[in-house]
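Colleague: What follows is a structure written as structure tokens; I'll ask about it next.
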Amino acid sequence: MDTDTGHDFERDLNLQDLLLGIDKQRLATALQALLGAPIAIFDPRGACLLGASEPTNDIPGLPLYGELEPIGTIAAAVPQDRLKAAADLLKLLLHTNARYLMASDLHLQTQQDDFDELQRRHNALEQSEQRYKALAENLELRVKQQVQTIEQTQLKLYEAEKLASVGRLAAGIAHEINNPIGFIRSNLTTATSYLASLDKIGALLPTCQDIAALKTAWQREDMDFIRQDMRDILAESISGTERIAAIVKDLKGFSRVDETEWEEADLNVLIRQVCNVAAAELRGKAELQLDLGALPLLHCHPGELGQVFLSILLNAADAMGAQGSIRWRTAFQDNRIVIEVRDTGRGIAEADMPHIFDPFFTTKEVGKGMGLGLSVSRNIVQAHGGELTIASRPNTGTRVTISLPVKPGS
Amino acid sequence: MAIFDEENNRLSIKLVYYGPAQSGKTTNLMRLHDILRPDLKGDIMLMETANDRTLFFDLLPLGFKAPSGLLIKFKLYTVPGQVVHDSTRKAVLSRADGVVFVADSQRTQSTNNGEAFANLEDNAARVGIDFDRLPLVVQFNKRDLSDILTEAEVLQRWQAAPWPVLFSSALTGEGVVETFHALLNRVYDGLDREFEFQNRHLLSREAFAAQASGQIDRQAY
Ligand SMILES: Nc1nc2c(ncn2[C@@H]2O[C@H](COP(=O)(O)OP(=O)(O)OP(=O)(O)O)[C@@H](O)[C@H]2O)c(=O)[nH]1
Ligand SMILES: [Mg+2]
């Protein structure tokens, strides 16, 4: 119960309490003047509170009432009715004082209760504030850790996807390289057999006296044809090695992915490299059209942009139903390089549009490789100060537009 | 919670008149002071501001002696009905043995009645009173006015409630003693259980109510 605050307005008030704050001397003097006799007031135990005598049997007394019961006695050597009048007067005084005492006690009691309640609420608030503070600090830490984890995961995912998209090309590239190697080897085998014919003629040289025998041998070995064919197959082999060299050179564009250096690059060259590397992947699916306008060099991270282009190209290839076309267009306008890739694939479903830039979003089957993911591609473009936007119409095609600012002086 | 004072052989019982502002709590107490004739009746203590509004409380002390010699003392309090005085209301309600809820019968006052009743429930909980076991009677006052809820309407609204509903015009004193009796009747059971009124103090239910109100002549027992 909340009344144990030291102020209980309901406590029993004794005579001493009720005389509190009253000038006793003046009260006694006034009563004595009215009655014309000395008066005395006693508490129930007989102790004198006012006046100066002890209760004696010969001086008449009257009880003084509190709420209901006697709380003392008034005594004076005067007739009963006058003593009664004095008692009444005193009672009025005491009643008024009781009123004041109870009101002030109740006031103090409620003040104290209100204060305690405030204090309690204050403490509760403070406690919950502490808890929230601790929680907030804890949360901050955990968010930091989570962000770190996510960043690491994303990095790993990025690496994995990069490898996957390159890996996906590997088979095609191997075929691309194998083809020239195949005919170079066959040419070299042929060349070796031609060497045997040459050896036979050569063997005649130390003993042979007349030129006619040599001529016969020359014709027998069909050396005229061999000379011509030798020239052809060597030329073919040289062009084969050049093709291999070109493929290796294009691939190098991707082997530089981990180089963090920024350099001046021609994006048209980069796009061609990407298309070359992916050529085998596109064969039979889509016809590539390159409509590349003159571009200034761009201060960029070619490895990363190459990954973006490859990712867009592979997405376009995956979107192809029947044979379609993928058209690259580049232009330089208003100090920006604009690269546009249009495909005639199946497009992006309207319901998927709001999510295409969400990290990890894919409509492809698990394990089919999701390319870099548009969110990573967009991040890379944005890191170059550029924009990547997508427009798509289901069953008609998709257009990816990349716009990159060319900083003056770079 | 009645307080037994062994030294003075006295039992103090606290009864509280609760209700919305201006419903007639102070008037109830004034009429009781006028009408009742118990053995002991103290001065009524009124604490009103100039315009009749109770500031702290009103108090009417009453008492009588049981056949056993036990002094039974009643302290009848009113609370201030104005919403702002909630702390005071709570302090006065504390340790109450019984409550009269004085409602205003005027149609315009229905919301105030409802809010004050909810406030009674809240404050009872705050001061540790088990509201379900608190002896309580409900008085619909100001029956003399027009535009009031009819008795049928009131009874229908309070039909499901476990408390007796009484009607009064405190201004003329009508129904005031009946309300007090109804409360005494509710309070008796708990006190009898705790203090053995009947067995130890030879105090029957009827005698308890009759002596408390000094209406001995009007009570047939
Ligand atoms: N007509 C009529 N007026 C009444 C009745 N009872 C009380 N009143 C009047 O209503 C006004 C308020 O009465 P109070 O007894 O002071 O009301 P209260 O409940 O003590 O009010 P607070 O102290 O403010 O909580 C006064 O003017 C009373 O005269 C009644 O039965 N009929
Ligand atoms: Mg009042």
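Every chain in the structure tokens takes a letter, A first, then B, and so on in the order presented; its residues are numbered from 1, and the ligands are numbered from 1 following the presented order.
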Could the residues of chain A that have an atom at most 10 Å from chain B be listed as JSON lines, each with its closest atom pair and the distance in Å to one decimal, counting only C-alpha atoms and ordered by chain and ascending residue number?

Modeller:
{"residue": "A:Met1", "atom": "CA", "partner": "B:Val127", "partner_atom": "CA", "distance": 5.8}
{"residue": "A:Asp2", "atom": "CA", "partner": "B:Val127", "partner_atom": "CA", "distance": 6.8}
{"residue": "A:Thr3", "atom": "CA", "partner": "B:Ala91", "partner_atom": "CA", "distance": 7.5}
{"residue": "A:Asp8", "atom": "CA", "partner": "B:Ala91", "partner_atom": "CA", "distance": 9.3}
{"residue": "A:Phe9", "atom": "CA", "partner": "B:Val92", "partner_atom": "CA", "distance": 9.0}
{"residue": "A:Glu10", "atom": "CA", "partner": "B:Val92", "partner_atom": "CA", "distance": 9.0}
{"residue": "A:Tyr65", "atom": "CA", "partner": "B:Gly42", "partner_atom": "CA", "distance": 8.6}
{"residue": "A:Gly66", "atom": "CA", "partner": "B:Gly42", "partner_atom": "CA", "distance": 7.9}
{"residue": "A:Glu67", "atom": "CA", "partner": "B:Gly42", "partner_atom": "CA", "distance": 5.2}
{"residue": "A:Leu68", "atom": "CA", "partner": "B:Gly42", "partner_atom": "CA", "distance": 5.2}
{"residue": "A:Glu69", "atom": "CA", "partner": "B:Leu40", "partner_atom": "CA", "distance": 8.5}
{"residue": "A:Lys91", "atom": "CA", "partner": "B:Asp43", "partner_atom": "CA", "distance": 9.9}
{"residue": "A:Leu92", "atom": "CA", "partner": "B:Asp43", "partner_atom": "CA", "distance": 9.6}
{"residue": "A:His95", "atom": "CA", "partner": "B:Met45", "partner_atom": "CA", "distance": 8.2}
{"residue": "A:Thr96", "atom": "CA", "partner": "B:Met45", "partner_atom": "CA", "distance": 8.8}
{"residue": "A:Ala98", "atom": "CA", "partner": "B:Met45", "partner_atom": "CA", "distance": 9.1}
{"residue": "A:Arg99", "atom": "CA", "partner": "B:Met45", "partner_atom": "CA", "distance": 6.9}
{"residue": "A:Tyr100", "atom": "CA", "partner": "B:Met47", "partner_atom": "CA", "distance": 9.6}
{"residue": "A:Met102", "atom": "CA", "partner": "B:Phe56", "partner_atom": "CA", "distance": 9.2}
{"residue": "A:Ala103", "atom": "CA", "partner": "B:Phe56", "partner_atom": "CA", "distance": 6.6}
{"residue": "A:Ser104", "atom": "CA", "partner": "B:Phe56", "partner_atom": "CA", "distance": 9.6}
{"residue": "A:Leu106", "atom": "CA", "partner": "B:Thr88", "partner_atom": "CA", "distance": 7.4}
{"residue": "A:His107", "atom": "CA", "partner": "B:Thr88", "partner_atom": "CA", "distance": 7.8}
{"residue": "A:Gln109", "atom": "CA", "partner": "B:Ala91", "partner_atom": "CA", "distance": 7.8}
{"residue": "A:Thr110", "atom": "CA", "partner": "B:Ser87", "partner_atom": "CA", "distance": 5.8}
{"residue": "A:Gln111", "atom": "CA", "partner": "B:Ser87", "partner_atom": "CA", "distance": 8.3}
{"residue": "A:Asp113", "atom": "CA", "partner": "B:Ser87", "partner_atom": "CA", "distance": 7.9}
{"residue": "A:Asp114", "atom": "CA", "partner": "B:Ser87", "partner_atom": "CA", "distance": 7.2}

Colleague: Could you write out that same residue set with N, CA, C and O atoms as a tab-separated table (two decimals), in the first residue's frame?

Modeller:
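Once written, again.tsv looks like this:
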chain	number	residue	atom	x	y	z
A	1	MET	N	0.84	-1.21	0.00
A	1	MET	CA	0.00	0.00	0.00
A	1	MET	C	0.87	1.25	0.00
A	1	MET	O	1.96	1.25	0.56
A	2	ASP	N	0.41	2.30	-0.64
A	2	ASP	CA	1.30	3.44	-0.80
A	2	ASP	C	0.99	4.59	0.17
A	2	ASP	O	1.13	5.74	-0.15
A	3	THR	N	0.52	4.26	1.35
A	3	THR	CA	0.28	5.32	2.32
A	3	THR	C	1.38	5.35	3.37
A	3	THR	O	1.36	6.18	4.27
A	8	ASP	N	-0.02	10.29	7.07
A	8	ASP	CA	-1.29	9.59	6.96
A	8	ASP	C	-2.37	10.53	7.46
A	8	ASP	O	-2.47	10.79	8.65
A	9	PHE	N	-3.16	11.03	6.52
A	9	PHE	CA	-4.13	12.04	6.92
A	9	PHE	C	-5.23	11.46	7.81
A	9	PHE	O	-6.00	12.17	8.41
A	10	GLU	N	-5.28	10.13	7.88
A	10	GLU	CA	-6.34	9.49	8.67
A	10	GLU	C	-5.90	9.14	10.08
A	10	GLU	O	-6.66	8.55	10.82
A	65	TYR	N	-14.37	16.71	23.11
A	65	TYR	CA	-14.53	15.64	22.13
A	65	TYR	C	-13.70	15.87	20.85
A	65	TYR	O	-13.56	17.00	20.38
A	66	GLY	N	-13.15	14.75	20.39
A	66	GLY	CA	-12.49	14.80	19.08
A	66	GLY	C	-13.54	14.45	18.06
A	66	GLY	O	-14.65	14.97	18.08
A	67	GLU	N	-13.23	13.52	17.13
A	67	GLU	CA	-14.21	13.13	16.13
A	67	GLU	C	-15.47	12.59	16.80
A	67	GLU	O	-16.57	13.00	16.50
A	68	LEU	N	-15.25	11.60	17.70
A	68	LEU	CA	-16.39	11.00	18.39
A	68	LEU	C	-16.15	10.89	19.89
A	68	LEU	O	-17.08	10.96	20.67
A	69	GLU	N	-14.86	10.65	20.19
A	69	GLU	CA	-14.58	10.29	21.58
A	69	GLU	C	-13.89	11.43	22.32
A	69	GLU	O	-13.31	12.31	21.70
A	91	LYS	N	-13.84	23.50	21.04
A	91	LYS	CA	-14.08	22.45	20.06
A	91	LYS	C	-14.11	23.00	18.63
A	91	LYS	O	-13.58	22.40	17.70
A	92	LEU	N	-14.74	24.14	18.48
A	92	LEU	CA	-14.77	24.80	17.16
A	92	LEU	C	-13.35	25.07	16.68
A	92	LEU	O	-13.01	24.81	15.52
A	95	HIS	N	-11.63	21.80	15.84
A	95	HIS	CA	-12.20	21.25	14.61
A	95	HIS	C	-11.57	21.93	13.38
A	95	HIS	O	-11.20	21.27	12.40
A	96	THR	N	-11.47	23.22	13.46
A	96	THR	CA	-10.87	23.97	12.35
A	96	THR	C	-9.41	23.56	12.17
A	96	THR	O	-8.93	23.37	11.05
A	98	ALA	N	-8.18	20.68	13.05
A	98	ALA	CA	-8.17	19.30	12.54
A	98	ALA	C	-8.32	19.32	11.02
A	98	ALA	O	-7.64	18.59	10.29
A	99	ARG	N	-9.21	20.19	10.56
A	99	ARG	CA	-9.46	20.32	9.14
A	99	ARG	C	-8.15	20.68	8.43
A	99	ARG	O	-7.79	20.09	7.41
A	100	TYR	N	-7.45	21.65	8.99
A	100	TYR	CA	-6.20	22.09	8.38
A	100	TYR	C	-5.16	20.97	8.41
A	100	TYR	O	-4.49	20.69	7.42
A	102	MET	N	-5.56	17.69	8.64
A	102	MET	CA	-5.88	16.57	7.75
A	102	MET	C	-5.61	16.95	6.30
A	102	MET	O	-5.04	16.17	5.52
A	103	ALA	N	-6.03	18.18	5.94
A	103	ALA	CA	-5.82	18.63	4.56
A	103	ALA	C	-4.34	18.68	4.23
A	103	ALA	O	-3.90	18.23	3.17
A	104	SER	N	-3.54	19.23	5.17
A	104	SER	CA	-2.12	19.36	4.86
A	104	SER	C	-1.44	17.99	4.84
A	104	SER	O	-0.58	17.74	4.00
A	106	LEU	N	-2.91	15.20	3.99
A	106	LEU	CA	-3.32	14.55	2.74
A	106	LEU	C	-2.54	15.15	1.56
A	106	LEU	O	-2.09	14.43	0.68
A	107	HIS	N	-2.37	16.47	1.62
A	107	HIS	CA	-1.62	17.13	0.57
A	107	HIS	C	-0.20	16.56	0.50
A	107	HIS	O	0.27	16.17	-0.57
A	109	GLN	N	0.85	13.77	1.66
A	109	GLN	CA	0.79	12.36	1.28
A	109	GLN	C	0.66	12.19	-0.23
A	109	GLN	O	1.40	11.40	-0.83
A	110	THR	N	-0.24	12.96	-0.84
A	110	THR	CA	-0.41	12.80	-2.29
A	110	THR	C	0.82	13.35	-3.03
A	110	THR	O	1.24	12.78	-4.03
A	111	GLN	N	1.37	14.45	-2.50
A	111	GLN	CA	2.60	14.98	-3.10
A	111	GLN	C	3.67	13.90	-3.12
A	111	GLN	O	4.33	13.66	-4.14
A	113	ASP	N	3.28	10.66	-2.80
A	113	ASP	CA	2.90	9.56	-3.69
A	113	ASP	C	3.20	9.92	-5.14
A	113	ASP	O	3.74	9.12	-5.89
A	114	ASP	N	2.79	11.16	-5.51
A	114	ASP	CA	3.03	11.60	-6.89
A	114	ASP	C	4.52	11.63	-7.18
A	114	ASP	O	4.96	11.22	-8.25

Colleague: From a backbone DSSP assignment, name each residue in range 21-215 of chain B labelled strand (DSSP E or B), as a VMD selection string.

Modeller: chain B and resid 40 to 41 45 48 54 58 to 65 71 to 78 98 to 104 106 136 to 141 148 165 to 167 169 174

Colleague: Output the selection as a compact mmCIF listing (two decimals), in the first residue's frame - C-alpha atoms for each residue.

Modeller:
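Final output, again18.txt:
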# COMPACT_ATOMS: atom_id res chain seq x y z
CA LEU B 40 -22.30 9.03 18.38
CA LYS B 41 -22.21 11.59 15.64
CA MET B 45 -15.99 18.24 8.05
CA GLU B 48 -15.22 22.80 -0.41
CA THR B 54 -14.84 19.33 -2.87
CA ASP B 58 -15.58 15.54 3.29
CA LEU B 59 -15.74 13.52 6.46
CA LEU B 60 -18.61 12.47 8.66
CA PRO B 61 -17.74 10.40 11.74
CA LEU B 62 -20.46 8.19 13.24
CA GLY B 63 -20.38 5.51 15.87
CA PHE B 64 -22.19 3.24 18.29
CA LYS B 65 -21.36 0.65 20.88
CA LEU B 71 -17.04 0.80 19.82
CA ILE B 72 -17.85 0.70 16.13
CA LYS B 73 -16.75 3.86 14.42
CA PHE B 74 -17.63 4.83 10.87
CA LYS B 75 -15.72 7.35 8.86
CA LEU B 76 -17.75 8.41 5.87
CA TYR B 77 -15.66 10.15 3.23
CA THR B 78 -16.40 11.75 -0.10
CA GLY B 98 -17.06 -0.12 1.27
CA VAL B 99 -17.97 2.28 -1.52
CA VAL B 100 -21.10 4.07 -2.65
CA PHE B 101 -20.82 5.01 -6.28
CA VAL B 102 -22.93 8.14 -6.74
CA ALA B 103 -23.96 8.46 -10.38
CA ASP B 104 -25.73 11.43 -11.91
CA GLN B 106 -29.07 13.15 -16.06
CA LEU B 136 -20.18 -1.62 -3.42
CA VAL B 137 -23.57 -0.11 -4.07
CA VAL B 138 -24.55 2.15 -6.94
CA GLN B 139 -26.76 5.17 -6.38
CA PHE B 140 -28.45 7.03 -9.22
CA ASN B 141 -28.95 10.51 -7.80
CA ILE B 148 -32.94 11.77 -16.64
CA VAL B 165 -28.68 -0.10 -7.69
CA LEU B 166 -30.55 2.56 -5.70
CA PHE B 167 -32.30 5.79 -6.64
CA SER B 169 -32.62 12.74 -4.60
CA GLU B 174 -34.81 10.81 -0.49

Colleague: If you run DSSP on the backbone, which residues of range 47-173 of chain B are alpha helix (DSSP H), as a PyMOL selection string?

Modeller: chain B and resi 86-93+110-126+151-157

Colleague: What is the distance between CA of Asp232 in chain A and CA of Ile201 in chain A, in Å to one decimal?

Modeller: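 These atoms are spaced 21.6 Å apart.
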
Colleague: Extract, using only C-alpha atoms, all DNA, RNA and protein residues at most 6 Å from Ala286 in chain A, discarding same-chain residues fewer than 3 positions from it, and format them as a list in words.

Modeller: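 Contacts, with the query itself left out: Leu282, Gln323, Gly324 and Ser325 of chain A.
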
Colleague: Export, as a PDB file, in the first residue's frame, the selected residues with N, CA and C atoms.

Modeller:
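As written to disk, part.pdb reads:
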ATOM      1  N   LEU A 282      28.118 -18.162 -78.869  1.00  0.00           N
ATOM      2  CA  LEU A 282      26.984 -17.558 -79.555  1.00  0.00           C
ATOM      3  C   LEU A 282      26.620 -18.304 -80.829  1.00  0.00           C
ATOM      4  N   GLN A 323      16.905 -18.678 -83.304  1.00  0.00           N
ATOM      5  CA  GLN A 323      17.991 -17.811 -83.754  1.00  0.00           C
ATOM      6  C   GLN A 323      17.549 -16.352 -83.717  1.00  0.00           C
ATOM      7  N   GLY A 324      18.378 -15.526 -83.083  1.00  0.00           N
ATOM      8  CA  GLY A 324      18.046 -14.107 -83.025  1.00  0.00           C
ATOM      9  C   GLY A 324      19.275 -13.292 -83.308  1.00  0.00           C
ATOM     10  N   SER A 325      19.208 -12.044 -82.943  1.00  0.00           N
ATOM     11  CA  SER A 325      20.385 -11.228 -83.169  1.00  0.00           C
ATOM     12  C   SER A 325      20.703 -10.400 -81.935  1.00  0.00           C
TER      13      SER A 325
END

Colleague: Which protein, DNA or RNA residues have an atom within 6 Å of ligand 2, counting only C-alpha atoms and all ligand atoms, as a list of chain:residue names?

Modeller: B:Lys25, B:Thr26, B:Arg53, B:Thr54, B:Pro80

Colleague: Using only C-alpha atoms and all ligand atoms, which residue out of B:Leu202, B:Ala212, B:Val187, B:Leu145 lies closest to ligand 1?

Modeller: B:Leu145

Colleague: Please compute the CA of Phe208 in chain B-atom 14 (P, counted along the ligand's line) of ligand 1 distance, one decimal, in Å.

Modeller: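 Answer for the CA of Phe208 in chain B to atom 14 (P, counted along the ligand's line) of ligand 1 separation: 27.7 Å.
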
Colleague: I'd like the contact shell of Ser392 in chain A - 9 Å cut-off, only C-alpha atoms, skipping same-chain residues fewer than 3 positions apart - returned as number ranges by chain.

Modeller: A: 347-350, 353, 396-400

Colleague: When you look at Asp58 in chain A with a cut-off of 12 Å (counting only C-alpha atoms), what residues show up, excluding the ones that are within fewer than 6 positions of it in the same chain? I need them as a list in words.

Modeller: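 Those residues are Ala75, Ala76, Ala77 and Val78 of chain A.
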
Colleague: Take the selection from the previous step and output its residues with C-alpha atoms, as a PDB file, in the first residue's frame.

Modeller:
ATOM      1  CA  ALA A  75     -11.584  22.372  33.899  1.00  0.00           C
ATOM      2  CA  ALA A  76     -12.426  25.682  35.502  1.00  0.00           C
ATOM      3  CA  ALA A  77     -14.184  26.708  38.681  1.00  0.00           C
ATOM      4  CA  VAL A  78     -17.211  28.113  36.876  1.00  0.00           C
TER       5      VAL A  78
END

Colleague: Can you measure CA of Gln215 in chain B to CA of Leu191 in chain B for me? One decimal in Å is fine.

Modeller: 20.7 Å

Colleague: Name the residues in contact with Gly172 in chain A at a cut-off of 8 Å, using only C-alpha atoms, excluding same-chain residues fewer than 3 positions from it; report them as a list in words.

Modeller: Arg168, Leu169, His175, Glu176, Ala278, Ala279, Ala280 and Glu281 of chain A

Colleague: Could you give me, as a list in words, the residues within 9 Å of range 240-255 of chain A, counting only C-alpha atoms and dropping anything in the same chain fewer than 3 positions from it?

Modeller: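 The residues that qualify are Val166, Ile173, Glu176, Ile177, Asn178, Asn179, Pro180, Ile181, Phe183, Ile184, Ala235, Glu236, Ser237, Asp258, Glu259, Leu270, Arg272, Gln273, Val274, Asn276, Val277, Pro302, Gly303, Glu304, Gly306 and Gln307 of chain A.
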